[in-house]
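Enquirer: Structure file input-v3.txt, compact mmCIF, C-alpha atoms and all ligand atoms, is pasted below:
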# COMPACT_ATOMS: atom_id res chain seq x y z
CA MET A 1 115.20 104.47 -85.45
CA THR A 2 113.28 101.69 -83.74
CA THR A 3 115.47 99.26 -81.83
CA ALA A 4 113.32 96.19 -81.38
CA ALA A 5 115.59 94.25 -79.06
CA ALA A 6 116.51 97.07 -76.70
CA ASP A 7 114.62 97.49 -73.45
CA LEU A 8 113.17 100.94 -74.00
CA TRP A 9 111.87 100.98 -70.41
CA HIS A 10 115.35 100.69 -68.90
CA HIS A 11 115.41 104.27 -67.60
CA TYR A 12 111.75 104.68 -66.60
CA GLY A 13 111.29 105.03 -62.83
CA ARG A 14 114.94 104.18 -62.12
CA THR A 15 115.84 107.32 -60.20
CA ARG A 16 112.86 106.94 -57.92
CA ALA A 17 113.51 103.22 -57.43
CA GLU A 18 117.01 104.06 -56.20
CA ARG A 19 115.86 106.51 -53.56
CA ASP A 20 112.33 105.43 -52.59
CA ARG A 21 111.71 101.81 -51.61
CA THR A 22 108.40 102.40 -49.85
CA VAL A 23 104.95 101.21 -50.77
CA PRO A 24 103.10 104.38 -51.85
CA GLU A 25 100.55 105.84 -49.49
CA ALA A 26 98.08 106.53 -52.29
CA PHE A 27 96.90 105.10 -55.61
CA HIS A 28 96.39 107.66 -58.35
CA TRP A 29 95.06 107.36 -61.91
CA LEU A 30 96.11 110.85 -63.01
CA TRP A 31 99.04 111.36 -65.37
CA SER A 32 100.61 113.63 -62.75
CA GLN A 33 100.13 111.01 -60.01
CA ASP A 34 99.24 113.68 -57.48
CA GLY A 35 95.51 113.50 -56.84
CA GLY A 36 92.15 112.76 -58.44
CA PRO A 37 90.22 109.51 -58.11
CA GLY A 38 91.86 106.73 -56.17
CA PRO A 39 91.53 102.96 -55.82
CA ASP A 40 87.80 103.29 -55.04
CA VAL A 41 87.29 103.28 -58.80
CA LEU A 42 88.12 99.57 -58.67
CA GLY A 43 85.43 98.96 -56.07
CA ASP A 44 85.99 96.52 -53.22
CA VAL A 45 88.78 94.17 -54.30
CA THR A 46 88.61 92.06 -51.16
CA GLY A 47 89.16 88.41 -52.10
CA MET A 48 89.56 89.23 -55.78
CA PHE A 49 92.15 88.23 -58.34
CA VAL A 50 93.55 91.43 -59.79
CA GLY A 51 96.00 92.06 -62.64
CA ASP A 52 98.04 95.22 -63.26
CA LEU A 53 98.77 95.41 -67.00
CA GLY A 54 102.17 97.05 -67.50
CA ALA A 55 102.88 97.47 -63.80
CA GLY A 56 106.35 98.97 -64.17
CA THR A 57 108.08 98.91 -60.80
CA GLY A 58 104.83 97.67 -59.27
CA ARG A 59 103.97 100.60 -57.03
CA HIS A 60 100.22 100.56 -57.72
CA ALA A 61 100.08 96.79 -57.32
CA ALA A 62 102.09 96.95 -54.08
CA TYR A 63 99.66 99.54 -52.77
CA LEU A 64 96.65 97.30 -53.47
CA ALA A 65 98.37 94.19 -52.08
CA THR A 66 99.23 95.85 -48.79
CA ARG A 67 96.45 98.34 -48.15
CA HIS A 68 93.54 96.25 -49.44
CA ARG A 69 92.76 92.55 -49.15
CA PRO A 70 92.75 91.05 -52.63
CA ALA A 71 93.28 87.32 -53.03
CA ARG A 72 96.25 88.23 -55.23
CA VAL A 73 97.54 91.04 -57.40
CA ASP A 74 99.58 90.03 -60.44
CA ALA A 75 101.92 92.83 -61.51
CA LEU A 76 102.63 92.06 -65.17
CA ASP A 77 105.40 93.70 -67.14
CA ALA A 78 107.35 92.74 -70.26
CA SER A 79 110.38 94.91 -69.57
CA PRO A 80 113.31 93.06 -68.00
CA ALA A 81 114.42 96.29 -66.34
CA GLN A 82 111.01 97.08 -64.88
CA HIS A 83 110.51 93.53 -63.67
CA ALA A 84 113.96 93.53 -62.04
CA MET A 85 113.26 96.81 -60.24
CA ALA A 86 109.84 95.57 -59.12
CA THR A 87 111.43 92.38 -57.81
CA ASP A 88 114.08 94.34 -55.92
CA LEU A 89 111.46 96.64 -54.38
CA TYR A 90 108.52 94.38 -53.67
CA ALA A 91 109.32 90.65 -53.94
CA HIS A 92 108.85 90.44 -50.18
CA LEU A 93 105.13 91.15 -50.62
CA ALA A 94 104.52 87.66 -52.06
CA PRO A 95 102.28 85.74 -52.17
CA ARG A 96 99.61 88.45 -52.18
CA LEU A 97 101.68 90.33 -54.76
CA ARG A 98 102.96 88.24 -57.66
CA LEU A 99 105.51 89.85 -59.99
CA VAL A 100 105.17 88.38 -63.47
CA HIS A 101 107.69 89.04 -66.24
CA ALA A 102 105.51 88.64 -69.33
CA ASP A 103 103.95 90.30 -72.31
CA VAL A 104 100.39 90.90 -71.19
CA VAL A 105 98.76 89.63 -74.39
CA THR A 106 100.58 86.31 -74.14
CA HIS A 107 99.87 86.03 -70.42
CA LEU A 108 96.17 86.93 -70.65
CA ARG A 109 95.49 84.57 -73.56
CA ARG A 110 96.85 81.73 -71.42
CA ALA A 111 94.72 82.66 -68.40
CA PRO A 112 91.06 82.37 -69.40
CA ALA A 113 88.47 83.52 -66.82
CA THR A 114 91.18 84.14 -64.20
CA TYR A 115 90.79 87.77 -63.12
CA ASP A 116 88.00 89.71 -61.43
CA VAL A 117 89.69 93.03 -62.17
CA LEU A 118 92.32 94.11 -64.68
CA TYR A 119 93.71 97.64 -64.61
CA SER A 120 96.40 99.70 -66.28
CA VAL A 121 97.83 103.05 -65.21
CA PHE A 122 99.38 104.42 -68.41
CA GLY A 123 100.62 100.85 -68.76
CA ALA A 124 100.36 98.12 -71.36
CA VAL A 125 97.00 99.41 -72.62
CA ASP A 126 98.81 102.49 -73.90
CA PHE A 127 101.64 100.61 -75.59
CA THR A 128 99.99 97.54 -77.11
CA ASP A 129 97.71 97.27 -80.12
CA PRO A 130 94.20 97.37 -78.59
CA ARG A 131 92.96 94.92 -81.24
CA GLU A 132 95.20 92.35 -79.53
CA LEU A 133 95.18 93.47 -75.92
CA LEU A 134 91.47 94.10 -75.37
CA PRO A 135 90.25 90.68 -76.63
CA ALA A 136 92.97 89.05 -74.52
CA ALA A 137 91.75 91.00 -71.49
CA ALA A 138 88.17 89.91 -72.20
CA THR A 139 89.36 86.29 -72.31
CA ALA A 140 91.19 86.58 -68.99
CA LEU A 141 88.36 88.33 -67.14
CA ARG A 142 85.71 86.32 -65.38
CA SER A 143 82.14 86.90 -66.45
CA GLY A 144 81.15 90.33 -65.17
CA GLY A 145 84.76 91.29 -64.35
CA TRP A 146 86.11 94.77 -64.97
CA LEU A 147 88.83 96.43 -66.96
CA VAL A 148 89.82 99.91 -65.77
CA PHE A 149 92.58 101.97 -67.32
CA SER A 150 93.96 105.47 -67.38
CA THR A 151 95.42 106.68 -70.64
CA LEU A 152 96.40 109.95 -72.30
CA ALA A 153 93.45 112.05 -73.46
CA HIS A 154 95.76 113.73 -76.01
CA HIS A 155 99.37 113.49 -77.11
CA LEU A 156 101.99 114.97 -74.82
CA ASN A 157 102.88 117.55 -77.48
CA GLY A 158 99.28 118.76 -77.42
CA ALA A 159 98.17 117.00 -80.61
CA PRO A 160 94.67 115.55 -80.33
CA ALA A 161 93.97 111.87 -79.73
CA ARG A 162 93.54 109.81 -82.88
CA PRO A 163 90.08 109.29 -84.40
CA ASP A 164 90.89 105.74 -85.48
CA VAL A 165 92.90 102.76 -84.24
CA ALA A 166 96.35 103.93 -85.21
CA HIS A 167 99.49 104.23 -83.15
CA SER A 168 101.82 107.17 -82.79
CA ASP A 169 105.59 106.84 -82.76
CA ILE A 170 106.94 108.50 -79.65
CA PRO A 171 110.55 109.18 -78.65
CA ALA A 172 112.35 106.75 -76.37
CA LYS A 173 115.92 105.93 -75.27
CA THR A 174 117.83 102.67 -75.39
CA PRO A 175 119.65 101.61 -72.22
CA GLU A 176 122.79 103.17 -73.76
CA GLY A 177 121.00 106.47 -74.30
CA LYS A 178 120.56 106.24 -78.07
CA SER A 179 117.43 107.70 -79.63
CA ALA A 180 114.66 105.26 -80.51
CA THR A 181 110.90 105.23 -80.93
CA MET A 182 108.10 103.19 -79.47
CA ARG A 183 104.43 102.83 -80.30
CA ARG A 184 101.75 104.49 -78.21
CA TRP A 185 98.00 104.34 -78.78
CA VAL A 186 96.41 107.72 -77.95
CA LEU A 187 92.80 107.32 -79.00
CA GLN A 188 89.60 109.33 -78.74
CA GLU A 189 86.95 108.16 -76.28
CA HIS A 190 84.62 106.80 -78.96
CA VAL A 191 87.45 104.80 -80.50
CA TRP A 192 88.22 103.13 -77.17
CA ALA A 193 84.49 102.47 -76.67
CA LYS A 194 84.17 100.77 -80.06
CA GLN A 195 87.27 98.64 -79.53
CA LEU A 196 86.09 97.62 -76.08
CA ASP A 197 82.69 96.65 -77.39
CA GLU A 198 84.16 94.63 -80.26
CA ALA A 199 86.39 92.83 -77.76
CA GLY A 200 83.39 91.72 -75.67
CA LEU A 201 83.83 94.40 -73.01
CA THR A 202 80.54 96.13 -72.52
CA GLY A 203 79.00 99.22 -70.91
CA SER A 204 82.12 101.32 -71.18
CA THR A 205 82.33 104.61 -69.34
CA SER A 206 84.98 107.27 -69.64
CA LEU A 207 85.87 110.25 -67.54
CA LEU A 208 88.07 113.13 -68.64
CA LEU A 209 90.31 114.23 -65.80
CA PRO A 210 91.95 117.60 -66.51
CA ALA A 211 95.68 118.01 -65.94
CA SER A 212 96.44 119.15 -62.43
CA GLY A 213 98.94 121.67 -63.76
CA SER A 214 101.93 120.25 -61.92
CA GLY A 215 104.92 118.59 -63.55
CA PRO A 216 106.93 119.41 -66.65
CA ARG A 217 104.55 117.79 -69.18
CA PRO A 218 100.98 118.28 -67.95
CA ALA A 219 98.36 116.16 -69.71
CA ASP A 220 94.69 115.34 -69.38
CA THR A 221 93.84 111.80 -68.37
CA LEU A 222 91.10 109.61 -69.80
CA LEU A 223 89.87 107.10 -67.21
CA VAL A 224 88.00 104.24 -68.87
CA THR A 225 86.04 101.31 -67.45
CA ALA A 226 84.34 98.39 -69.17
CA ARG A 227 82.96 95.08 -68.10
CA ARG A 228 83.34 91.55 -69.41
CA ARG A 229 80.08 90.64 -71.05
CA ALA A 230 78.22 88.37 -68.65
CA THR A 231 77.81 84.79 -69.79
CA GLY A 232 76.05 81.95 -68.05
CA PRO A 233 74.90 81.54 -64.48
CA ARG A 234 78.17 82.73 -62.87
CA HIS A 235 77.13 86.30 -63.46
CA THR A 236 74.92 87.04 -60.46
CA GLN A 237 75.61 90.60 -59.40
CA PRO A 238 78.20 93.26 -60.02
CA ARG A 239 80.90 93.31 -57.41
CA LEU A 240 82.53 96.53 -58.49
CA ARG A 241 81.30 100.04 -58.70
CA PHE A 242 82.53 103.12 -60.49
CA PRO A 243 81.40 106.12 -58.46
CA VAL A 244 81.68 108.96 -60.95
CA PRO A 245 81.10 107.59 -64.45
CA ARG A 246 79.86 109.52 -67.42
CA ALA A 247 77.78 106.83 -69.06
CA ARG A 248 78.24 106.50 -72.78
C1 LIG B 1 104.64 104.26 -68.66
S1 LIG B 1 105.05 102.72 -67.90
C2 LIG B 1 103.82 102.67 -66.61
C3 LIG B 1 104.20 101.76 -65.47
C4 LIG B 1 103.26 101.79 -64.27
N1 LIG B 1 101.89 101.41 -64.63
C5 LIG B 1 103.27 103.12 -63.60
O1 LIG B 1 102.25 103.80 -63.54
O2 LIG B 1 104.33 103.50 -63.09
C6 LIG B 1 104.44 101.51 -69.07
C7 LIG B 1 104.80 100.09 -68.70
O3 LIG B 1 104.05 99.20 -69.52
C8 LIG B 1 104.86 98.10 -69.84
N2 LIG B 1 104.31 97.45 -71.05
C9 LIG B 1 104.03 98.04 -72.23
N3 LIG B 1 103.51 97.15 -73.08
C10 LIG B 1 103.47 95.96 -72.43
C11 LIG B 1 103.04 94.66 -72.77
N4 LIG B 1 102.51 94.39 -73.98
N5 LIG B 1 103.14 93.68 -71.85
C12 LIG B 1 103.65 93.95 -70.62
N6 LIG B 1 104.08 95.16 -70.24
C13 LIG B 1 103.99 96.16 -71.13
C14 LIG B 1 106.24 98.68 -70.03
O4 LIG B 1 107.25 97.70 -69.92
C15 LIG B 1 106.27 99.73 -68.92
O5 LIG B 1 106.84 99.23 -67.76
Could I get this structure in the form of C-alpha cells?

Expert:
Amino acid sequence: MTTAAADLWHHYGRTRAERDRTVPEAFHWLWSQDGGPGPDVLGDVTGMFVGDLGAGTGRHAAYLATRHRPARVDALDASPAQHAMATDLYAHLAPRLRLVHADVVTHLRRAPATYDVLYSVFGAVDFTDPRELLPAAATALRSGGWLVFSTLAHHLNGAPARPDVAHSDIPAKTPEGKSATMRRWVLQEHVWAKQLDEAGLTGSTSLLLPASGSGPRPADTLLVTARRRATGPRHTQPRLRFPVPRAR
C-alpha cells in the first residue's frame, strides 16, 4: 500500500545520525559508500553555487562545504525527517551550507540559472520522475553548468534497469513501521542519456562502477554527468572536469 502522506524517509540514516555527528572525511559516489571516485568528479567547486538534490542528512554537502571552498552548497531535501536530522547535525555550517526543506522540482523551477553544479548521490534523481526533475535541473543550472549523479545500475534484487522511462515500486516503511511502497527510477544508460538530452542537458557521460562487494545489498553504481547546453555569451569555458568519463 502506498501511504502518500507518510514520511517514508523517517528511518533512513537515523541510527548513524544518533551516533555519528561528524562531517565525513570522504565523499563517495558508490552505493556502498566505501571507495571509488570522489569529489574530484565535480571538478574545482571553489566559488561555485552547488546544489545537492535529495541530500538526506546532508553528509555529502557538509563535506563539500567544509573541505572545499564553494560559494554555497544548498542541501535540498523534501523529507521532514531528513531535513530535521540535517539541521541537527550541520546547521552550524551556515552560511556556506544552506539546508533547504523543499521538493527539488519546485525549488529548481523557482531558481533559474542559479547553480554551477547540481549533484545527487542516490538522491532525488532516483526518486523523482526524470521528465520533471531533469528539465527543472536544466532551468536551475547556469549556462555550461553540470549535473552529476550516482544511481543504481540495476535493481537491488538483481533485476535489470528499465529500458524505458518507467518507475519501479520498491518497499518502504512508514514512521510507524507499516509496509508501504515508493517509486524509484532505475533506468538503463541510454534511457538516462535520452532524457538528459531532451531536458537540454548535453554531452552526457556515464561510468559503470562495479559493486565493491561489501555490505548486505551490493549493487553496481551508474555515475552520470551532463552539462547545461551553453547559451549566449556567458558560456566562455568549462569550469568542471570529469576525469574518467566514457564518452557516449
Ligand atoms: C536514499 S536517500 C539519499 C540521501 C543522501 N543523498 C545520501 O547519500 O545519504 C534519498 C533522499 O532523496 C530525498 N528525495 C527524494 N525525492 C526528492 C524530491 N523530489 N525532492 C527532495 N528530496 C527528495 C529523500 O527525502 C531522501 O532523503

Enquirer: Let me make sure I understand: among A:Pro95, A:Gly213, A:Pro80, A:Pro171, which one has the smallest atom-to-atom distance to ligand LIG 1 (chain B) if we use all atoms listed in the file?

Expert: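 Checking each of A:Pro95, A:Gly213, A:Pro80, A:Pro171 against ligand LIG 1 (chain B), counting all atoms listed in the file, the winner is A:Pro80.
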
Enquirer: Using all atoms listed in the file, which of the listed residues (A:Gly215, A:Gly56, A:Gly13, A:Pro130) sits closest to Val186 in chain A?

Expert: A:Pro130

Enquirer: Would you please work out which residue, of A:Ala230, A:Val50, A:Ala84, A:Val117, is nearest to ligand LIG 1 (chain B) when using all atoms listed in the file?

Expert: A:Ala84

Enquirer: Could you list, as a list in words, every residue within 6 Å of Leu141 in chain A, counting only C-alpha atoms and ignoring same-chain residues fewer than 6 positions away?

Expert: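 Using only C-alpha atoms, the neighbours found are Ala113, Thr114, Tyr115 and Asp116 of chain A.
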
Enquirer: Grab me every residue within 8 Å of ligand LIG 1 (chain B), counting all atoms listed in the file, and send it over as a ChimeraX atom specification.

Expert: /A:8-9,12-13,52-60,76-80,82-83,101-105,120-128,133

Enquirer: Taking C-alpha atoms for each residue, export the selection above as a PDB file, in the coordinates of the input.

Expert:
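Written out: again-v9.pdb:
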ATOM      1  CA  LEU A   8     113.170 100.940 -74.000  1.00  0.00           C
ATOM      2  CA  TRP A   9     111.870 100.980 -70.410  1.00  0.00           C
ATOM      3  CA  TYR A  12     111.750 104.680 -66.600  1.00  0.00           C
ATOM      4  CA  GLY A  13     111.290 105.030 -62.830  1.00  0.00           C
ATOM      5  CA  ASP A  52      98.040  95.220 -63.260  1.00  0.00           C
ATOM      6  CA  LEU A  53      98.770  95.410 -67.000  1.00  0.00           C
ATOM      7  CA  GLY A  54     102.170  97.050 -67.500  1.00  0.00           C
ATOM      8  CA  ALA A  55     102.880  97.470 -63.800  1.00  0.00           C
ATOM      9  CA  GLY A  56     106.350  98.970 -64.170  1.00  0.00           C
ATOM     10  CA  THR A  57     108.080  98.910 -60.800  1.00  0.00           C
ATOM     11  CA  GLY A  58     104.830  97.670 -59.270  1.00  0.00           C
ATOM     12  CA  ARG A  59     103.970 100.600 -57.030  1.00  0.00           C
ATOM     13  CA  HIS A  60     100.220 100.560 -57.720  1.00  0.00           C
ATOM     14  CA  LEU A  76     102.630  92.060 -65.170  1.00  0.00           C
ATOM     15  CA  ASP A  77     105.400  93.700 -67.140  1.00  0.00           C
ATOM     16  CA  ALA A  78     107.350  92.740 -70.260  1.00  0.00           C
ATOM     17  CA  SER A  79     110.380  94.910 -69.570  1.00  0.00           C
ATOM     18  CA  PRO A  80     113.310  93.060 -68.000  1.00  0.00           C
ATOM     19  CA  GLN A  82     111.010  97.080 -64.880  1.00  0.00           C
ATOM     20  CA  HIS A  83     110.510  93.530 -63.670  1.00  0.00           C
ATOM     21  CA  HIS A 101     107.690  89.040 -66.240  1.00  0.00           C
ATOM     22  CA  ALA A 102     105.510  88.640 -69.330  1.00  0.00           C
ATOM     23  CA  ASP A 103     103.950  90.300 -72.310  1.00  0.00           C
ATOM     24  CA  VAL A 104     100.390  90.900 -71.190  1.00  0.00           C
ATOM     25  CA  VAL A 105      98.760  89.630 -74.390  1.00  0.00           C
ATOM     26  CA  SER A 120      96.400  99.700 -66.280  1.00  0.00           C
ATOM     27  CA  VAL A 121      97.830 103.050 -65.210  1.00  0.00           C
ATOM     28  CA  PHE A 122      99.380 104.420 -68.410  1.00  0.00           C
ATOM     29  CA  GLY A 123     100.620 100.850 -68.760  1.00  0.00           C
ATOM     30  CA  ALA A 124     100.360  98.120 -71.360  1.00  0.00           C
ATOM     31  CA  VAL A 125      97.000  99.410 -72.620  1.00  0.00           C
ATOM     32  CA  ASP A 126      98.810 102.490 -73.900  1.00  0.00           C
ATOM     33  CA  PHE A 127     101.640 100.610 -75.590  1.00  0.00           C
ATOM     34  CA  THR A 128      99.990  97.540 -77.110  1.00  0.00           C
ATOM     35  CA  LEU A 133      95.180  93.470 -75.920  1.00  0.00           C
TER      36      LEU A 133
END

Enquirer: Could you state the separation of CA of Asp7 in chain A and CA of Ala81 in chain A in Å, given to one decimal place?

Expert: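 Spanning CA of Asp7 in chain A to CA of Ala81 in chain A is a straight-line distance of 7.2 Å.
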
Enquirer: Check the smallest atom-to-atom distance from each of A:Ala111, A:Arg227, A:Ala138, A:Asp129 to Arg184 in chain A using all atoms listed in the file, then report the winner.

Expert: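 Selected residue with least distance to Arg184 in chain A: A:Asp129.
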
Enquirer: Counting all atoms listed in the file, write as a ChimeraX atom specification all protein and nucleic acid residues lying at most 12 Å from (97.6, 111.5, -76.9) in the file's frame.

Expert: /A:31,122,126-127,150-163,166-170,183-189,218-222

Enquirer: CA of Gly38 in chain A and CA of Tyr90 in chain A, how far apart in Å?

Expert: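 Computing it gives 20.9 Å between the two atoms.
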
Enquirer: With only C-alpha atoms counted, which protein, DNA or RNA residues have an atom no more than 12 Å from (107.3, 91.4, -50.8) in the file frame? Please answer as a list in words.

Expert: Arg21, Thr22, Val23, Gly58, Arg59, Ala61, Ala62, Tyr63, Ala65, Thr66, Val73, Ala86, Thr87, Asp88, Leu89, Tyr90, Ala91, His92, Leu93, Ala94, Pro95, Arg96, Leu97, Arg98 and Leu99 of chain A

Enquirer: Between CA of Met85 in chain A and CA of Arg14 in chain A, what is the spacing in Å?

Expert: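 Separation of CA of Arg14 in chain A and CA of Met85 in chain A: 7.8 Å.
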